[in-house]
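First up is the structure itself, then whatever we jot down about it.
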Amino acid sequence: MDNTQHPNNYDNKAAHDTLKKMMMRKDILDLFFNIDKYGFCSVRVKSLTRPSQAIEYQIGDSGYFWLLEYLAKGHTDDSKVNPMQPTYGDGLTGDEFRKQMLVTLVDESTNPDIQKERDSIFTKYGKPAYYMNFTYGIIRFFFMQNNEGIDEFLEAKELI
């Protein structure tokens, strides 16, 4: 994946500002990684504290670490985040990106709290779905196609 200057017309600065407001209120966030319609790595975010419409936030490395700092510790400092430099997905599908993010989060975390969803809209169609709990939110993962090896990976790590 390539970290490139923002070449599309999406107002990621406004999405960043909205996300920052949620964080400043200490909202509990519900996140879902995706590749957006412009081909950028993104996260769909909604507040569980003050339910509203989800926003799409294109992320780069600094945005990713900012989100994780908030989810784990409630830190809101975005001084090192440039929302105008999201990471281009370089042809990744949403499933491939989610799988990559799940593996990365498991490998980077100590004692990750991962659960396999048993009854969700996705599992009703035979698609695997997982969620990872944090102090200030949850990250959901579901896979429409590229799900080979996920259960085996999580079982090997003794997480499910």
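By order in the structure tokens, chains are A, B, ...; within a chain, residues start at 1; ligands start at 1, following the order shown.
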Between stretch 8-70 of chain A and stretch 100-107 of chain A, at 12 Å or less, what are the per-residue closest atom pairs and their distances in Å? Count only C-alpha atoms, order by chain and rising residue number, and return it as a tab-separated table.
residue	atom	partner	partner_atom	distance
A:Leu31	CA	A:Met101	CA	12.0
A:Phe32	CA	A:Met101	CA	10.2
A:Phe33	CA	A:Met101	CA	7.7
A:Asn34	CA	A:Met101	CA	9.8
A:Ile35	CA	A:Met101	CA	11.7
A:Cys41	CA	A:Met101	CA	10.4
A:Ser42	CA	A:Met101	CA	11.1
A:Val43	CA	A:Met101	CA	10.8
A:Asp61	CA	A:Met101	CA	11.9
A:Tyr64	CA	A:Met101	CA	10.1
A:Phe65	CA	A:Leu105	CA	10.9
A:Leu68	CA	A:Leu105	CA	9.4
Env of A:Gly89: 12 Å cut, atoms = only C-alpha atoms, seq-sep filter 6 positions within chain, self excluded. Answer as a short mmCIF file (atom, residue, chain, number, x, y, z; two decimals) with all heavy atoms, in the first residue's frame.
data_model
loop_
_atom_site.label_atom_id
_atom_site.label_comp_id
_atom_site.auth_asym_id
_atom_site.auth_seq_id
_atom_site.Cartn_x
_atom_site.Cartn_y
_atom_site.Cartn_z
N MET A 1 0.86 -1.17 0.00
CA MET A 1 0.00 0.00 0.00
C MET A 1 0.90 1.23 0.00
O MET A 1 1.96 1.24 0.58
CB MET A 1 -0.91 -0.01 1.20
CG MET A 1 -1.96 -1.10 1.12
SD MET A 1 -3.12 -1.09 2.49
CE MET A 1 -2.06 -1.53 3.83
N ASP A 2 0.42 2.24 -0.64
CA ASP A 2 1.20 3.43 -0.88
C ASP A 2 0.57 4.63 -0.16
O ASP A 2 -0.63 4.85 -0.26
CB ASP A 2 1.22 3.65 -2.39
CG ASP A 2 2.00 4.84 -2.82
OD1 ASP A 2 2.90 5.26 -2.08
OD2 ASP A 2 1.72 5.36 -3.91
N ASN A 3 1.39 5.39 0.56
CA ASN A 3 0.89 6.58 1.25
C ASN A 3 1.08 7.77 0.31
O ASN A 3 2.18 8.25 0.12
CB ASN A 3 1.67 6.77 2.55
CG ASN A 3 0.86 7.47 3.60
OD1 ASN A 3 -0.32 7.72 3.42
ND2 ASN A 3 1.49 7.76 4.71
N THR A 4 0.00 8.23 -0.31
CA THR A 4 0.06 9.25 -1.34
C THR A 4 -0.67 10.53 -0.95
O THR A 4 -1.55 10.50 -0.13
CB THR A 4 -0.63 8.78 -2.63
OG1 THR A 4 -1.37 7.60 -2.38
CG2 THR A 4 0.32 8.53 -3.74
N PHE A 33 -13.15 -1.47 8.90
CA PHE A 33 -12.17 -1.15 7.86
C PHE A 33 -12.73 -1.47 6.48
O PHE A 33 -13.45 -2.45 6.30
CB PHE A 33 -10.87 -1.93 8.06
CG PHE A 33 -10.08 -1.47 9.25
CD1 PHE A 33 -10.03 -2.22 10.40
CD2 PHE A 33 -9.40 -0.26 9.21
CE1 PHE A 33 -9.30 -1.80 11.49
CE2 PHE A 33 -8.67 0.17 10.31
CZ PHE A 33 -8.62 -0.60 11.45
N ASN A 34 -12.34 -0.65 5.49
CA ASN A 34 -12.86 -0.82 4.14
C ASN A 34 -11.90 -0.19 3.13
O ASN A 34 -11.00 0.56 3.50
CB ASN A 34 -14.24 -0.15 4.04
CG ASN A 34 -15.04 -0.64 2.86
OD1 ASN A 34 -14.82 -1.73 2.35
ND2 ASN A 34 -15.98 0.17 2.42
N ILE A 35 -12.13 -0.46 1.87
CA ILE A 35 -11.52 0.28 0.77
C ILE A 35 -12.66 1.12 0.20
O ILE A 35 -13.70 0.58 -0.19
CB ILE A 35 -10.94 -0.65 -0.31
CG1 ILE A 35 -9.83 -1.53 0.25
CG2 ILE A 35 -10.45 0.17 -1.51
CD1 ILE A 35 -8.57 -0.80 0.67
N ASP A 36 -12.50 2.45 0.19
CA ASP A 36 -13.61 3.30 -0.24
C ASP A 36 -13.74 3.34 -1.76
O ASP A 36 -12.96 2.71 -2.48
CB ASP A 36 -13.50 4.71 0.37
CG ASP A 36 -12.41 5.56 -0.23
OD1 ASP A 36 -11.77 5.17 -1.24
OD2 ASP A 36 -12.17 6.66 0.30
N LYS A 37 -14.72 4.07 -2.24
CA LYS A 37 -15.01 4.09 -3.68
C LYS A 37 -13.90 4.74 -4.50
O LYS A 37 -13.85 4.59 -5.71
CB LYS A 37 -16.34 4.78 -3.96
CG LYS A 37 -16.37 6.25 -3.65
CD LYS A 37 -17.74 6.82 -3.94
CE LYS A 37 -17.80 8.32 -3.70
NZ LYS A 37 -19.12 8.86 -4.01
N TYR A 38 -12.99 5.45 -3.84
CA TYR A 38 -11.84 6.05 -4.52
C TYR A 38 -10.62 5.14 -4.51
O TYR A 38 -9.58 5.48 -5.05
CB TYR A 38 -11.48 7.39 -3.87
CG TYR A 38 -12.61 8.39 -3.87
CD1 TYR A 38 -13.35 8.63 -2.72
CD2 TYR A 38 -12.95 9.09 -5.02
CE1 TYR A 38 -14.39 9.55 -2.71
CE2 TYR A 38 -13.99 10.00 -5.03
CZ TYR A 38 -14.71 10.22 -3.86
OH TYR A 38 -15.75 11.13 -3.87
N GLY A 39 -10.73 4.01 -3.82
CA GLY A 39 -9.61 3.07 -3.74
C GLY A 39 -8.70 3.29 -2.55
O GLY A 39 -7.64 2.67 -2.48
N PHE A 40 -9.09 4.14 -1.60
CA PHE A 40 -8.27 4.42 -0.43
C PHE A 40 -8.66 3.55 0.75
O PHE A 40 -9.83 3.19 0.92
CB PHE A 40 -8.38 5.90 -0.03
CG PHE A 40 -7.62 6.81 -0.95
CD1 PHE A 40 -8.24 7.34 -2.07
CD2 PHE A 40 -6.30 7.11 -0.71
CE1 PHE A 40 -7.56 8.16 -2.93
CE2 PHE A 40 -5.59 7.94 -1.57
CZ PHE A 40 -6.22 8.47 -2.69
N CYS A 41 -7.68 3.26 1.59
CA CYS A 41 -7.94 2.57 2.84
C CYS A 41 -8.75 3.50 3.73
O CYS A 41 -8.42 4.68 3.86
CB CYS A 41 -6.63 2.20 3.52
SG CYS A 41 -5.60 1.10 2.53
N SER A 42 -9.81 2.97 4.28
CA SER A 42 -10.68 3.82 5.09
C SER A 42 -11.24 3.03 6.26
O SER A 42 -11.10 1.81 6.34
CB SER A 42 -11.82 4.39 4.23
OG SER A 42 -12.71 3.36 3.85
N GLN A 58 -10.83 8.30 5.48
CA GLN A 58 -9.69 7.70 4.79
C GLN A 58 -8.47 7.79 5.70
O GLN A 58 -8.19 8.84 6.26
CB GLN A 58 -9.43 8.45 3.49
CG GLN A 58 -10.56 8.32 2.50
CD GLN A 58 -10.37 9.19 1.27
OE1 GLN A 58 -9.78 10.25 1.33
NE2 GLN A 58 -10.89 8.73 0.15
N ILE A 59 -7.77 6.66 5.86
CA ILE A 59 -6.67 6.63 6.82
C ILE A 59 -5.33 6.38 6.16
O ILE A 59 -5.23 5.71 5.14
CB ILE A 59 -6.88 5.56 7.92
CG1 ILE A 59 -7.05 4.16 7.31
CG2 ILE A 59 -8.04 5.91 8.81
CD1 ILE A 59 -7.05 3.04 8.32
N GLY A 60 -4.32 6.95 6.76
CA GLY A 60 -2.93 6.65 6.48
C GLY A 60 -2.35 6.06 7.75
O GLY A 60 -3.07 5.82 8.73
N ASP A 95 -12.25 -7.00 1.53
CA ASP A 95 -11.98 -8.23 2.28
C ASP A 95 -10.49 -8.40 2.56
O ASP A 95 -10.09 -8.75 3.66
CB ASP A 95 -12.48 -9.45 1.51
CG ASP A 95 -13.94 -9.76 1.75
OD1 ASP A 95 -14.60 -9.02 2.51
OD2 ASP A 95 -14.43 -10.75 1.17
N GLU A 96 -9.66 -8.16 1.53
CA GLU A 96 -8.22 -8.31 1.71
C GLU A 96 -7.68 -7.30 2.73
O GLU A 96 -6.84 -7.64 3.56
CB GLU A 96 -7.50 -8.11 0.36
CG GLU A 96 -7.76 -9.23 -0.61
CD GLU A 96 -7.36 -8.88 -2.04
OE1 GLU A 96 -7.28 -7.69 -2.39
OE2 GLU A 96 -7.14 -9.83 -2.82
N PHE A 97 -8.18 -6.07 2.66
CA PHE A 97 -7.75 -5.04 3.61
C PHE A 97 -8.17 -5.39 5.03
O PHE A 97 -7.39 -5.30 5.98
CB PHE A 97 -8.30 -3.68 3.19
CG PHE A 97 -7.91 -2.55 4.10
CD1 PHE A 97 -6.58 -2.34 4.45
CD2 PHE A 97 -8.86 -1.68 4.59
CE1 PHE A 97 -6.22 -1.29 5.29
CE2 PHE A 97 -8.51 -0.62 5.42
CZ PHE A 97 -7.19 -0.43 5.77
N ARG A 98 -9.43 -5.84 5.21
CA ARG A 98 -9.89 -6.22 6.55
C ARG A 98 -9.06 -7.37 7.10
O ARG A 98 -8.70 -7.39 8.28
CB ARG A 98 -11.37 -6.60 6.51
CG ARG A 98 -12.29 -5.39 6.49
CD ARG A 98 -13.74 -5.78 6.57
NE ARG A 98 -14.24 -6.39 5.36
CZ ARG A 98 -14.60 -5.72 4.27
NH1 ARG A 98 -14.52 -4.40 4.24
NH2 ARG A 98 -15.07 -6.34 3.22
N GLN A 100 -5.99 -8.15 6.34
CA GLN A 100 -4.68 -7.59 6.66
C GLN A 100 -4.71 -6.82 7.98
O GLN A 100 -3.81 -6.95 8.81
CB GLN A 100 -4.24 -6.68 5.51
CG GLN A 100 -2.83 -6.18 5.58
CD GLN A 100 -2.52 -5.35 4.36
OE1 GLN A 100 -3.10 -4.29 4.17
NE2 GLN A 100 -1.61 -5.84 3.53
#
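Proximity to A:Asp151 at 12 Å, evaluated using only C-alpha atoms and with sequence-adjacent residues fewer than 3 positions away removed, yields A:Lys99, A:Leu102, A:Val103, A:Ile114, A:Gln115, A:Lys116, A:Lys127, A:Pro128, A:Ala129, A:Tyr130, A:Phe143, A:Asn147, A:Glu148, A:Leu154, A:Glu155, A:Ala156, A:Lys157, A:Glu158, A:Leu159, A:Ile160.
Take atom CA of A:Val81 and atom CA of A:Phe142: the distance between them is 27.1 Å.
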Check your understanding: Per DSSP on the backbone, what are the strand (DSSP E or B) residues of chain A, as number ranges by chain?
Key -> A: 2-3, 29-35, 40-47, 55-58, 87-88, 113-116, 129-134, 137-142
Practice item. Can you check which residues of chain A DSSP gives as helix (DSSP H, G or I) on the backbone and send them as a PyMOL selection string? Key: chain A and resi 12-24+61-73+94-108+123-125+150-156
Point to revise | Exercise: A:Asp77 partners within 10 Å, only C-alpha atoms, chain neighbours under 5 positions left out, as a PyMOL selection string | key: chain A and resi 20+23-24+66+69-70
Taking N, CA, C and O atoms for each residue, export the selection above as a short mmCIF file (atom, residue, chain, number, x, y, z; two decimals), in the first residue's frame.
data_model
loop_
_atom_site.label_atom_id
_atom_site.label_comp_id
_atom_site.auth_asym_id
_atom_site.auth_seq_id
_atom_site.Cartn_x
_atom_site.Cartn_y
_atom_site.Cartn_z
N LYS A 20 -12.78 13.64 15.33
CA LYS A 20 -12.12 14.28 16.48
C LYS A 20 -13.17 14.75 17.50
O LYS A 20 -12.97 14.60 18.71
N MET A 23 -14.29 11.86 19.50
CA MET A 23 -13.25 11.49 20.46
C MET A 23 -13.21 12.45 21.65
O MET A 23 -13.07 12.02 22.79
N MET A 24 -13.33 13.74 21.38
CA MET A 24 -13.28 14.74 22.45
C MET A 24 -14.44 14.54 23.43
O MET A 24 -14.30 14.84 24.62
N TRP A 66 -3.48 6.96 15.43
CA TRP A 66 -4.32 7.89 16.19
C TRP A 66 -5.59 7.18 16.66
O TRP A 66 -5.99 7.27 17.82
N GLU A 69 -4.78 4.64 19.42
CA GLU A 69 -4.50 5.31 20.69
C GLU A 69 -5.80 5.73 21.37
O GLU A 69 -5.93 5.64 22.58
N TYR A 70 -6.75 6.19 20.57
CA TYR A 70 -8.04 6.57 21.14
C TYR A 70 -8.77 5.33 21.65
O TYR A 70 -9.27 5.31 22.79
#
Practice item. Would you mind listing what lies within 8 Å of stretch 14-18 of chain A as a list in words, with only C-alpha atoms counted and same-chain residues fewer than 4 positions away left out? Key: Met22, Ile55, Glu56, Tyr57 and Pro83 of chain A
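One finds atom CA of A:Phe134 at 9.2 Å from atom CA of A:Ile28.
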